[in-house]
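Notes follow the structure.
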Amino acid sequence: MKAVQIVRPEELRVIDVEKPSITEHDNVLVRMTAAGICGSDIGIYHGTNAAATYPRIIGHEIVGVVEETGPGVTSVKKGDRVIVNQVVSCGHCYPCSLGRGNVCDNLKVRGVHIDGGYREFLVVPDSDCYLLPDSLSDRDAVMIEPTTIAIQSCSRAELTAEDTLLLYGYGSLGSSIFRIASQICPNIIVAELSDEKLAAAKAHGAAHTINTQKEDFLERVSAYTNGRGSTVSIDAACSKGSLLNLLKATGNAGRVITMGFSTDPTEINQFLITSKELDVRGSRLQNRMFGKAIEMIREGKLDLNGVVSHTFPLIEAQKAFDFADTHDPSIRKIVLTFDF
């Protein structure tokens, strides 16, 4: 079967690998149908994702159809459309004992630490398979995984209706966070350097927008918050200087959520954290959020249709990654398909 492997940074290959088979009583063989390209996948390709190991078959936003089930499987059956959980945790370490398997001491992420879903078939435990709503196509369903990341970030922020949220960045991650946050908190400020993305944020209900290239960021935040700063700030840009900007923009007793994976030194200011008694929290992956995301879709609270902007067949993965690197403004989400 065909698979896409990052051999080492900047070297992507389409390879032939052996089709997996069921080896445990609760395993499921999934025939992959769609897999999203995420910023972290691009980071693995370019060698900027500190968590990745090589060589690696990447892909963690992965959707498919159940091809075969083990004798002990009752939760899914052949022909079911499913999305696969990317988090593999041990269940017995300290974080797992706290119910935080997404930061398990022995964490394995499909497509990062172990081989992922950029391949024609995948074997996983049935507990990692979630049934897809009929309202979503396979390619649109890859957006469920980024949605779980957004739900996790809002959970870590303890976002409430009374908060003033400052969302820094409105790309794929930021717009996913906005979809979730806007159902909780009506007062959201979006900061971005793209006028087109800011217009989209405004059209979707942002209370205020700030162009970080054209406007004085801190001055605008102060004006929009009556001088006290945001109560919650989420860094969805994860760029150089973004964390320091949010520490400055967040008011006393606020929460600042960082989601970046860069290992480059980042400037911070201890006085800002201590004097304001800020909570600076990381948000990684998701913690059993697939069920919540799918429930929101079925209840009509979340519409992921039409978010995908471009598709490429799996065997043209190099072309897809090259296109992602152009940062073409038309790109919203790129998905690899398996109909080749």
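If you're wondering about the labels, chains in the structure tokens are A, B, ... by order shown, residues count from 1 in each chain, ligands from 1 in order shown.
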Requested in this report: Run DSSP on the backbone of this structure and report the residues of region 82-160 of chain A it assigns to helix (DSSP H, G or I), as JSON, numbers by chain.
Outcome: {"A": [94, 95, 96, 97, 101, 102, 103, 126, 127, 128, 138, 139, 140, 141, 144, 145, 146, 147, 148, 149, 150, 151, 152, 153, 154, 155, 156, 157]}
Any chance you could export the current selection's N, CA, C and O atoms as a compact mmCIF listing (two decimals), in the first residue's frame?
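Result written to again.txt:
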# COMPACT_ATOMS: atom_id res chain seq x y z
N TYR A 94 1.32 9.86 36.15
CA TYR A 94 0.73 10.94 36.94
C TYR A 94 -0.29 11.77 36.15
O TYR A 94 -1.43 11.95 36.62
N PRO A 95 0.04 12.30 34.95
CA PRO A 95 -0.99 13.05 34.20
C PRO A 95 -2.23 12.21 33.89
O PRO A 95 -3.36 12.71 34.00
N CYS A 96 -2.03 10.95 33.52
CA CYS A 96 -3.18 10.08 33.24
C CYS A 96 -4.05 9.89 34.48
O CYS A 96 -5.28 9.82 34.39
N SER A 97 -3.42 9.83 35.65
CA SER A 97 -4.19 9.67 36.89
C SER A 97 -5.04 10.89 37.18
O SER A 97 -6.02 10.81 37.93
N GLY A 101 -4.62 12.62 29.82
CA GLY A 101 -3.86 11.73 28.97
C GLY A 101 -3.22 12.41 27.78
O GLY A 101 -2.30 11.86 27.17
N ASN A 102 -3.69 13.61 27.44
CA ASN A 102 -3.09 14.34 26.31
C ASN A 102 -1.67 14.81 26.62
O ASN A 102 -0.93 15.17 25.70
N VAL A 103 -1.29 14.82 27.90
CA VAL A 103 0.10 15.12 28.27
C VAL A 103 0.68 13.96 29.08
O VAL A 103 1.48 14.16 30.00
N ASP A 126 -10.53 -0.05 18.84
CA ASP A 126 -11.87 0.46 18.54
C ASP A 126 -12.22 1.68 19.39
O ASP A 126 -13.00 2.53 18.97
N SER A 127 -11.59 1.81 20.57
CA SER A 127 -11.87 2.95 21.44
C SER A 127 -11.37 4.26 20.84
O SER A 127 -11.76 5.34 21.29
N ASP A 128 -10.50 4.19 19.84
CA ASP A 128 -9.98 5.39 19.18
C ASP A 128 -10.78 5.77 17.94
O ASP A 128 -10.41 6.71 17.23
N ASP A 138 -16.43 13.01 4.08
CA ASP A 138 -15.17 12.55 4.67
C ASP A 138 -14.14 13.68 4.69
O ASP A 138 -13.43 13.86 5.68
N ARG A 139 -14.06 14.43 3.60
CA ARG A 139 -13.02 15.47 3.55
C ARG A 139 -13.32 16.60 4.54
O ARG A 139 -12.40 17.12 5.17
N ASP A 140 -14.59 16.97 4.71
CA ASP A 140 -14.91 18.01 5.69
C ASP A 140 -14.74 17.49 7.12
O ASP A 140 -14.46 18.26 8.04
N ALA A 141 -14.90 16.17 7.29
CA ALA A 141 -14.81 15.59 8.63
C ALA A 141 -13.41 15.67 9.22
O ALA A 141 -13.25 15.58 10.44
N ILE A 144 -12.89 17.94 12.23
CA ILE A 144 -13.27 17.62 13.61
C ILE A 144 -12.05 17.65 14.51
O ILE A 144 -12.10 18.14 15.65
N GLU A 145 -10.91 17.12 14.01
CA GLU A 145 -9.71 17.08 14.85
C GLU A 145 -9.23 18.48 15.24
O GLU A 145 -9.01 18.75 16.43
N PRO A 146 -9.07 19.43 14.29
CA PRO A 146 -8.71 20.79 14.71
C PRO A 146 -9.73 21.40 15.66
O PRO A 146 -9.37 22.20 16.53
N THR A 147 -10.99 21.01 15.50
CA THR A 147 -12.04 21.52 16.39
C THR A 147 -11.81 21.05 17.82
O THR A 147 -12.02 21.79 18.79
N THR A 148 -11.35 19.80 17.97
CA THR A 148 -11.07 19.30 19.33
C THR A 148 -9.92 20.07 19.97
O THR A 148 -9.92 20.29 21.19
N ILE A 149 -8.96 20.50 19.16
CA ILE A 149 -7.85 21.31 19.67
C ILE A 149 -8.38 22.64 20.19
O ILE A 149 -7.95 23.16 21.23
N ALA A 150 -9.34 23.21 19.43
CA ALA A 150 -9.96 24.47 19.83
C ALA A 150 -10.76 24.32 21.12
O ALA A 150 -10.71 25.18 22.01
N ILE A 151 -11.51 23.23 21.23
CA ILE A 151 -12.29 22.98 22.45
C ILE A 151 -11.35 22.85 23.65
O ILE A 151 -11.61 23.38 24.73
N GLN A 152 -10.23 22.17 23.45
CA GLN A 152 -9.25 22.01 24.53
C GLN A 152 -8.71 23.36 24.98
O GLN A 152 -8.58 23.62 26.18
N SER A 153 -8.39 24.24 24.02
CA SER A 153 -7.81 25.54 24.40
C SER A 153 -8.81 26.37 25.19
O SER A 153 -8.44 27.04 26.15
N CYS A 154 -10.07 26.33 24.80
CA CYS A 154 -11.10 27.08 25.53
C CYS A 154 -11.34 26.47 26.91
O CYS A 154 -11.62 27.19 27.87
N SER A 155 -11.21 25.15 27.01
CA SER A 155 -11.33 24.48 28.30
C SER A 155 -10.18 24.87 29.22
O SER A 155 -10.39 25.19 30.40
N ARG A 156 -8.95 24.88 28.67
CA ARG A 156 -7.79 25.28 29.47
C ARG A 156 -7.90 26.74 29.91
O ARG A 156 -7.42 27.11 30.99
N ALA A 157 -8.53 27.56 29.08
CA ALA A 157 -8.70 28.98 29.41
C ALA A 157 -9.83 29.21 30.40
O ALA A 157 -9.96 30.32 30.94
Distance table requested - region 45-71 of chain A against region 281-305 of chain A, cut-off 12 Å, only C-alpha atoms: one row per qualifying residue with the closest atom pair and its distance in Å to one decimal, ordered by chain and rising residue number, as a Markdown table.
| residue | atom | partner | partner_atom | distance |
| --- | --- | --- | --- | --- |
| A:Ala51 | CA | A:Arg284 | CA | 11.7 |
| A:His60 | CA | A:Leu285 | CA | 10.6 |
| A:Glu61 | CA | A:Leu285 | CA | 11.5 |
Emit the selected residues as a PDB file, in the first residue's frame, including all heavy atoms.
ATOM      1  N   ALA A  51       8.707  17.828  18.662  1.00  0.00           N
ATOM      2  CA  ALA A  51       8.206  16.568  19.198  1.00  0.00           C
ATOM      3  C   ALA A  51       8.421  15.385  18.251  1.00  0.00           C
ATOM      4  O   ALA A  51       8.379  14.232  18.671  1.00  0.00           O
ATOM      5  CB  ALA A  51       6.715  16.694  19.512  1.00  0.00           C
ATOM      6  N   HIS A  60      -2.356  13.126  11.256  1.00  0.00           N
ATOM      7  CA  HIS A  60      -3.123  12.883  12.481  1.00  0.00           C
ATOM      8  C   HIS A  60      -4.562  13.384  12.383  1.00  0.00           C
ATOM      9  O   HIS A  60      -5.369  13.105  13.264  1.00  0.00           O
ATOM     10  CB  HIS A  60      -2.438  13.540  13.684  1.00  0.00           C
ATOM     11  CG  HIS A  60      -2.286  15.018  13.555  1.00  0.00           C
ATOM     12  ND1 HIS A  60      -1.226  15.601  12.901  1.00  0.00           N
ATOM     13  CD2 HIS A  60      -3.072  16.040  13.966  1.00  0.00           C
ATOM     14  CE1 HIS A  60      -1.358  16.909  12.923  1.00  0.00           C
ATOM     15  NE2 HIS A  60      -2.479  17.208  13.573  1.00  0.00           N
ATOM     16  N   GLU A  61      -4.896  14.110  11.322  1.00  0.00           N
ATOM     17  CA  GLU A  61      -6.296  14.486  11.070  1.00  0.00           C
ATOM     18  C   GLU A  61      -6.833  13.471  10.064  1.00  0.00           C
ATOM     19  O   GLU A  61      -6.805  13.683   8.856  1.00  0.00           O
ATOM     20  CB  GLU A  61      -6.371  15.909  10.502  1.00  0.00           C
ATOM     21  CG  GLU A  61      -5.791  16.966  11.417  1.00  0.00           C
ATOM     22  CD  GLU A  61      -5.723  18.339  10.763  1.00  0.00           C
ATOM     23  OE1 GLU A  61      -5.976  18.463   9.551  1.00  0.00           O
ATOM     24  OE2 GLU A  61      -5.399  19.309  11.475  1.00  0.00           O
TER      25      GLU A  61
END
Requested in this report: Write out as JSON, numbers by chain all residues of region 71-255 of chain A that backbone DSSP assigns to strand (DSSP E).
Outcome: {"A": [81, 82, 83, 84, 87, 88, 108, 109, 121, 122, 123, 124, 125, 129, 130, 131, 165, 166, 167, 168, 188, 189, 190, 191, 192, 208, 209, 210, 211, 230, 231, 232, 233, 234, 235, 250, 251, 252, 253, 254, 255]}
Query raised in the report: Separation of CA of Val66 (chain A) and CA of Leu336 (chain A), in Å?
Result: 18.4 Å
Requested in this report: Show which residues sit within 10 Å of Glu192 (chain A), as a VMD selection string. Count only C-alpha atoms, and ignore same-chain residues fewer than 6 positions away.
Outcome: chain A and resid 167 to 171 174 198 201 209 to 214 217 236 to 237
Query - Of the listed residues A:Leu136, A:Val190, A:Met259, A:Leu246, that which approaches Ser40 (chain A) most closely, counting only C-alpha atoms - result: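 That would be A:Met259, the residue with the smallest distance to Ser40 (chain A).
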Query raised in the report: Between A:Leu193, A:Ala249, A:Leu122, A:Ala35, which one has atoms that come closest to Leu165 (chain A), using only C-alpha atoms?
Result: A:Ala249
**Report entry** Selected residue, from A:Asp235, A:Glu277, A:Glu11, A:Glu68, that lies nearest to Phe178 (chain A) when counting only C-alpha atoms
**Finding:**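 Of the candidates, the smallest distance to Phe178 (chain A) is held by A:Asp235.
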**Report entry** All residues 12 Å or closer to His208 (chain A), only C-alpha atoms, same chain fewer than 6 positions away omitted, as a PyMOL selection string
**Finding:** chain A and resi 164-167+186-192+198-202+220-225
Requested in this report: Compare A:Thr53, A:Asn27, A:Ser21, A:Ser233 by their minimum atom-to-atom distance to Val280 (chain A), counting only C-alpha atoms, and give me the closest one.
Outcome: A:Ser233
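For the atom pair formed by CA of Glu196 (chain A) and CA of Leu173 (chain A), the distance is 15.9 Å, given to one decimal.
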